[in-house]
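Engineer: My structure is in my_file21.cif, and what it holds is mmCIF, N, CA, C and O atoms:
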```
data_upload
loop_
_atom_site.label_atom_id
_atom_site.label_comp_id
_atom_site.auth_asym_id
_atom_site.auth_seq_id
_atom_site.Cartn_x
_atom_site.Cartn_y
_atom_site.Cartn_z
N MET C 1047 22.76 -12.41 -2.22
CA MET C 1047 21.79 -11.61 -2.97
C MET C 1047 20.40 -11.73 -2.34
O MET C 1047 19.69 -10.78 -2.25
N GLU C 1048 20.04 -12.93 -1.97
CA GLU C 1048 18.71 -13.14 -1.38
C GLU C 1048 18.56 -12.36 -0.08
O GLU C 1048 17.50 -11.81 0.20
N ASN C 1049 19.62 -12.27 0.70
CA ASN C 1049 19.59 -11.54 1.95
C ASN C 1049 19.36 -10.04 1.70
O ASN C 1049 18.65 -9.39 2.44
N ARG C 1050 19.94 -9.52 0.64
CA ARG C 1050 19.76 -8.12 0.30
C ARG C 1050 18.30 -7.83 -0.03
O ARG C 1050 17.74 -6.84 0.39
N ASN C 1051 17.66 -8.72 -0.80
CA ASN C 1051 16.24 -8.56 -1.13
C ASN C 1051 15.38 -8.60 0.12
O ASN C 1051 14.42 -7.86 0.25
N ARG C 1052 15.74 -9.47 1.05
CA ARG C 1052 14.99 -9.59 2.31
C ARG C 1052 15.10 -8.28 3.09
O ARG C 1052 14.14 -7.80 3.64
N ASN C 1053 16.30 -7.68 3.12
CA ASN C 1053 16.48 -6.41 3.81
C ASN C 1053 15.65 -5.31 3.16
O ASN C 1053 15.06 -4.48 3.86
N ASN C 1054 15.61 -5.30 1.83
CA ASN C 1054 14.80 -4.31 1.12
C ASN C 1054 13.33 -4.46 1.46
O ASN C 1054 12.62 -3.47 1.65
N GLU C 1055 12.87 -5.70 1.53
CA GLU C 1055 11.47 -5.96 1.88
C GLU C 1055 11.19 -5.47 3.30
O GLU C 1055 10.17 -4.83 3.54
N ASN C 1056 12.10 -5.78 4.22
CA ASN C 1056 11.91 -5.35 5.60
C ASN C 1056 11.92 -3.82 5.71
O ASN C 1056 11.13 -3.25 6.46
N ASP C 1057 12.82 -3.19 4.97
CA ASP C 1057 12.89 -1.73 4.98
C ASP C 1057 11.58 -1.14 4.47
O ASP C 1057 11.05 -0.17 5.03
N PHE C 1058 11.03 -1.72 3.40
CA PHE C 1058 9.78 -1.22 2.86
C PHE C 1058 8.64 -1.41 3.85
O PHE C 1058 7.82 -0.52 4.05
N VAL C 1059 8.59 -2.58 4.47
CA VAL C 1059 7.52 -2.86 5.44
C VAL C 1059 7.59 -1.87 6.59
O VAL C 1059 6.56 -1.33 7.01
N GLU C 1060 8.78 -1.60 7.08
CA GLU C 1060 8.93 -0.65 8.17
C GLU C 1060 8.52 0.76 7.73
O GLU C 1060 7.86 1.49 8.47
N PHE C 1061 8.91 1.13 6.52
CA PHE C 1061 8.51 2.42 5.96
C PHE C 1061 6.99 2.51 5.85
O PHE C 1061 6.37 3.49 6.24
N PHE C 1062 6.38 1.44 5.32
CA PHE C 1062 4.94 1.41 5.10
C PHE C 1062 4.19 1.52 6.43
O PHE C 1062 3.18 2.21 6.52
N LYS C 1063 4.69 0.83 7.46
CA LYS C 1063 4.04 0.87 8.77
C LYS C 1063 4.06 2.29 9.35
O LYS C 1063 3.18 2.66 10.11
N GLY C 1064 5.06 3.08 8.98
CA GLY C 1064 5.18 4.44 9.49
C GLY C 1064 4.25 5.43 8.81
O GLY C 1064 4.12 6.57 9.27
N LEU C 1065 3.60 5.00 7.73
CA LEU C 1065 2.70 5.90 7.02
C LEU C 1065 1.36 6.01 7.75
O LEU C 1065 0.98 5.13 8.52
N ASP C 1066 0.64 7.09 7.47
CA ASP C 1066 -0.70 7.28 7.98
C ASP C 1066 -1.60 6.13 7.50
O ASP C 1066 -1.48 5.68 6.36
N VAL C 1067 -2.50 5.68 8.35
CA VAL C 1067 -3.36 4.54 8.03
C VAL C 1067 -4.19 4.81 6.77
O VAL C 1067 -4.33 3.93 5.92
N ASN C 1068 -4.72 6.01 6.64
CA ASN C 1068 -5.52 6.33 5.45
C ASN C 1068 -4.67 6.29 4.19
O ASN C 1068 -5.12 5.84 3.14
N TYR C 1069 -3.41 6.75 4.30
CA TYR C 1069 -2.53 6.72 3.14
C TYR C 1069 -2.15 5.28 2.81
O TYR C 1069 -2.03 4.91 1.64
N GLN C 1070 -2.00 4.44 3.82
CA GLN C 1070 -1.74 3.02 3.58
C GLN C 1070 -2.88 2.41 2.78
O GLN C 1070 -2.65 1.69 1.80
N LYS C 1071 -4.11 2.69 3.17
CA LYS C 1071 -5.27 2.15 2.47
C LYS C 1071 -5.32 2.66 1.03
O LYS C 1071 -5.62 1.90 0.10
N TYR C 1072 -5.00 3.94 0.84
CA TYR C 1072 -4.98 4.52 -0.50
C TYR C 1072 -3.96 3.80 -1.38
O TYR C 1072 -4.26 3.42 -2.51
N LEU C 1073 -2.76 3.60 -0.85
CA LEU C 1073 -1.71 2.94 -1.62
C LEU C 1073 -2.09 1.50 -1.96
O LEU C 1073 -1.85 1.02 -3.07
N ILE C 1074 -2.68 0.81 -1.01
CA ILE C 1074 -3.11 -0.58 -1.26
C ILE C 1074 -4.15 -0.60 -2.38
O ILE C 1074 -4.07 -1.42 -3.29
N ASN C 1075 -5.11 0.31 -2.34
CA ASN C 1075 -6.13 0.37 -3.39
C ASN C 1075 -5.50 0.68 -4.75
O ASN C 1075 -5.90 0.10 -5.77
N GLU C 1076 -4.54 1.58 -4.79
CA GLU C 1076 -3.87 1.93 -6.05
C GLU C 1076 -3.09 0.74 -6.60
O GLU C 1076 -3.08 0.50 -7.79
N MET C 1077 -2.44 -0.02 -5.72
CA MET C 1077 -1.66 -1.17 -6.17
C MET C 1077 -2.56 -2.30 -6.67
O MET C 1077 -2.12 -3.10 -7.51
N GLN C 1078 -3.79 -2.35 -6.20
CA GLN C 1078 -4.69 -3.41 -6.62
C GLN C 1078 -5.37 -3.11 -7.96
O GLN C 1078 -5.89 -4.02 -8.59
N LYS C 1079 -5.33 -1.87 -8.40
CA LYS C 1079 -5.94 -1.52 -9.68
C LYS C 1079 -5.15 -2.15 -10.81
O LYS C 1079 -3.93 -2.24 -10.78
N LYS C 1080 -5.88 -2.56 -11.84
CA LYS C 1080 -5.24 -3.11 -13.02
C LYS C 1080 -4.72 -1.94 -13.87
O LYS C 1080 -5.37 -0.90 -13.96
N PRO C 1081 -3.56 -2.13 -14.50
CA PRO C 1081 -3.08 -1.06 -15.39
C PRO C 1081 -4.01 -0.92 -16.59
O PRO C 1081 -4.66 -1.90 -16.98
N PRO C 1082 -4.12 0.26 -17.14
CA PRO C 1082 -5.02 0.45 -18.29
C PRO C 1082 -4.56 -0.39 -19.47
O PRO C 1082 -3.36 -0.56 -19.70
N ASP C 1083 -5.51 -0.93 -20.19
CA ASP C 1083 -5.22 -1.73 -21.36
C ASP C 1083 -4.84 -0.79 -22.50
O ASP C 1083 -5.65 0.04 -22.92
N GLU C 1084 -3.63 -0.90 -22.98
CA GLU C 1084 -3.15 0.01 -24.01
C GLU C 1084 -3.96 -0.11 -25.29
O GLU C 1084 -4.14 0.86 -26.01
N LYS C 1085 -4.47 -1.28 -25.59
CA LYS C 1085 -5.25 -1.47 -26.82
C LYS C 1085 -6.60 -0.80 -26.73
O LYS C 1085 -7.19 -0.45 -27.73
N ALA C 1086 -7.12 -0.60 -25.52
CA ALA C 1086 -8.43 -0.01 -25.35
C ALA C 1086 -8.39 1.51 -25.44
O ALA C 1086 -9.42 2.14 -25.55
N GLN C 1087 -7.19 2.09 -25.40
CA GLN C 1087 -7.08 3.54 -25.46
C GLN C 1087 -7.41 4.01 -26.88
O GLN C 1087 -6.85 3.53 -27.85
N PRO C 1088 -8.33 4.96 -27.00
CA PRO C 1088 -8.63 5.50 -28.34
C PRO C 1088 -7.44 6.30 -28.85
O PRO C 1088 -6.86 7.08 -28.11
N GLN C 1089 -7.10 6.08 -30.07
CA GLN C 1089 -5.99 6.82 -30.65
C GLN C 1089 -6.49 8.15 -31.17
O GLN C 1089 -7.58 8.25 -31.73
N GLN C 1090 -5.67 9.17 -31.01
CA GLN C 1090 -6.06 10.49 -31.48
C GLN C 1090 -5.89 10.53 -32.99
O GLN C 1090 -4.88 10.11 -33.53
N ALA C 1091 -6.91 11.06 -33.65
CA ALA C 1091 -6.87 11.18 -35.09
C ALA C 1091 -6.03 12.40 -35.47
O ALA C 1091 -6.03 13.41 -34.79
N VAL C 1092 -5.33 12.28 -36.56
CA VAL C 1092 -4.56 13.41 -37.07
C VAL C 1092 -5.54 14.29 -37.85
O VAL C 1092 -6.22 13.83 -38.75
N SER C 1093 -5.61 15.53 -37.45
CA SER C 1093 -6.55 16.45 -38.07
C SER C 1093 -5.99 16.94 -39.41
O SER C 1093 -4.88 17.45 -39.48
N ALA C 1094 -6.77 16.80 -40.45
CA ALA C 1094 -6.36 17.29 -41.77
C ALA C 1094 -6.95 18.68 -41.99
O ALA C 1094 -8.04 18.98 -41.54
N GLY C 1095 -6.21 19.49 -42.69
CA GLY C 1095 -6.72 20.81 -43.05
C GLY C 1095 -6.70 21.81 -41.91
O GLY C 1095 -7.61 22.62 -41.79
N GLN C 1096 -5.68 21.76 -41.08
CA GLN C 1096 -5.57 22.74 -40.00
C GLN C 1096 -5.21 24.10 -40.59
O GLN C 1096 -4.67 24.20 -41.69
N VAL C 1097 -5.47 25.14 -39.85
CA VAL C 1097 -5.15 26.49 -40.28
C VAL C 1097 -3.65 26.58 -40.51
O VAL C 1097 -2.86 26.17 -39.67
N GLY C 1098 -3.28 27.13 -41.65
CA GLY C 1098 -1.86 27.25 -41.98
C GLY C 1098 -1.33 26.07 -42.78
O GLY C 1098 -0.25 26.13 -43.33
N ASP C 1099 -2.11 25.02 -42.88
CA ASP C 1099 -1.73 23.87 -43.68
C ASP C 1099 -1.90 24.26 -45.15
O ASP C 1099 -2.91 24.84 -45.53
N PRO C 1100 -0.90 23.99 -46.01
CA PRO C 1100 -1.03 24.41 -47.42
C PRO C 1100 -2.31 23.92 -48.10
O PRO C 1100 -2.87 24.62 -48.93
N LYS C 1101 -2.82 22.76 -47.71
CA LYS C 1101 -4.04 22.25 -48.34
C LYS C 1101 -5.28 23.01 -47.91
O LYS C 1101 -6.30 22.95 -48.57
N SER C 1102 -5.20 23.75 -46.78
CA SER C 1102 -6.38 24.46 -46.30
C SER C 1102 -6.50 25.84 -46.92
O SER C 1102 -7.47 26.54 -46.67
N ARG C 1103 -5.53 26.23 -47.72
CA ARG C 1103 -5.58 27.57 -48.34
C ARG C 1103 -6.31 27.56 -49.65
O ARG C 1103 -6.44 26.69 -50.36
#
```
With the file now loaded, output its structure as structure tokens.
Structural biologist:
Amino acid sequence: MENRNRNNENDFVEFFKGLDVNYQKYLINEMQKKPPDEKAQPQQAVSAGQVGDPKSR
């Protein structure tokens, strides 16, 4: 199993080396970004009294 993972890593490294240098830099920068904090995302409020809502008539 460990040998299979090593082959996958080598395959990825070879693939990555074949990419354009600018694209390599872009991918590295994207991988270094922290994922957004789910708790910091503002939740959308449910709008009351939309058109067609029985309470809005």
Engineer: To one decimal place in Å, what is the distance between CA of Ile1074 in chain C and CA of Asn1051 in chain C?
Structural biologist: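 So the answer is 20.9 Å.
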Engineer: By how many Å are CA of Pro1082 in chain C and CA of Tyr1069 in chain C apart?
Structural biologist: 22.5 Å
Engineer: Hey, can you check how far atom N of Lys1071 in chain C sits from atom O of Val1059 in chain C?
Structural biologist: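 Atom O of Val1059 in chain C lies at a distance of 12.0 Å from atom N of Lys1071 in chain C.
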Engineer: Write out as a PDB file with N, CA, C and O atoms, keeping the file's coordinate frame the residues lying within 12 Å of Phe1061 in chain C, counting only C-alpha atoms and excluding same-chain residues fewer than 6 positions away.
Structural biologist:
```pdb
ATOM      1  N   ASN C1054      15.610  -5.300   1.830  1.00  0.00           N
ATOM      2  CA  ASN C1054      14.800  -4.310   1.120  1.00  0.00           C
ATOM      3  C   ASN C1054      13.330  -4.460   1.460  1.00  0.00           C
ATOM      4  O   ASN C1054      12.620  -3.470   1.650  1.00  0.00           O
ATOM      5  N   GLU C1055      12.870  -5.700   1.530  1.00  0.00           N
ATOM      6  CA  GLU C1055      11.470  -5.960   1.880  1.00  0.00           C
ATOM      7  C   GLU C1055      11.190  -5.470   3.300  1.00  0.00           C
ATOM      8  O   GLU C1055      10.170  -4.830   3.540  1.00  0.00           O
ATOM      9  N   GLN C1070      -2.000   4.440   3.820  1.00  0.00           N
ATOM     10  CA  GLN C1070      -1.740   3.020   3.580  1.00  0.00           C
ATOM     11  C   GLN C1070      -2.880   2.410   2.780  1.00  0.00           C
ATOM     12  O   GLN C1070      -2.650   1.690   1.800  1.00  0.00           O
TER      13      GLN C1070
END
```
Engineer: As lines of an AutoDock Vina configuration file, what would the box around range 1066-1074 of chain C look like: edges along x, y and z, 4 Å added on every side, centre and edge lengths in Å to one decimal?
Structural biologist:
```
center_x = -2.5
center_y = 2.9
center_z = 2.5
size_x = 14.3
size_y = 16.7
size_z = 19.6
```
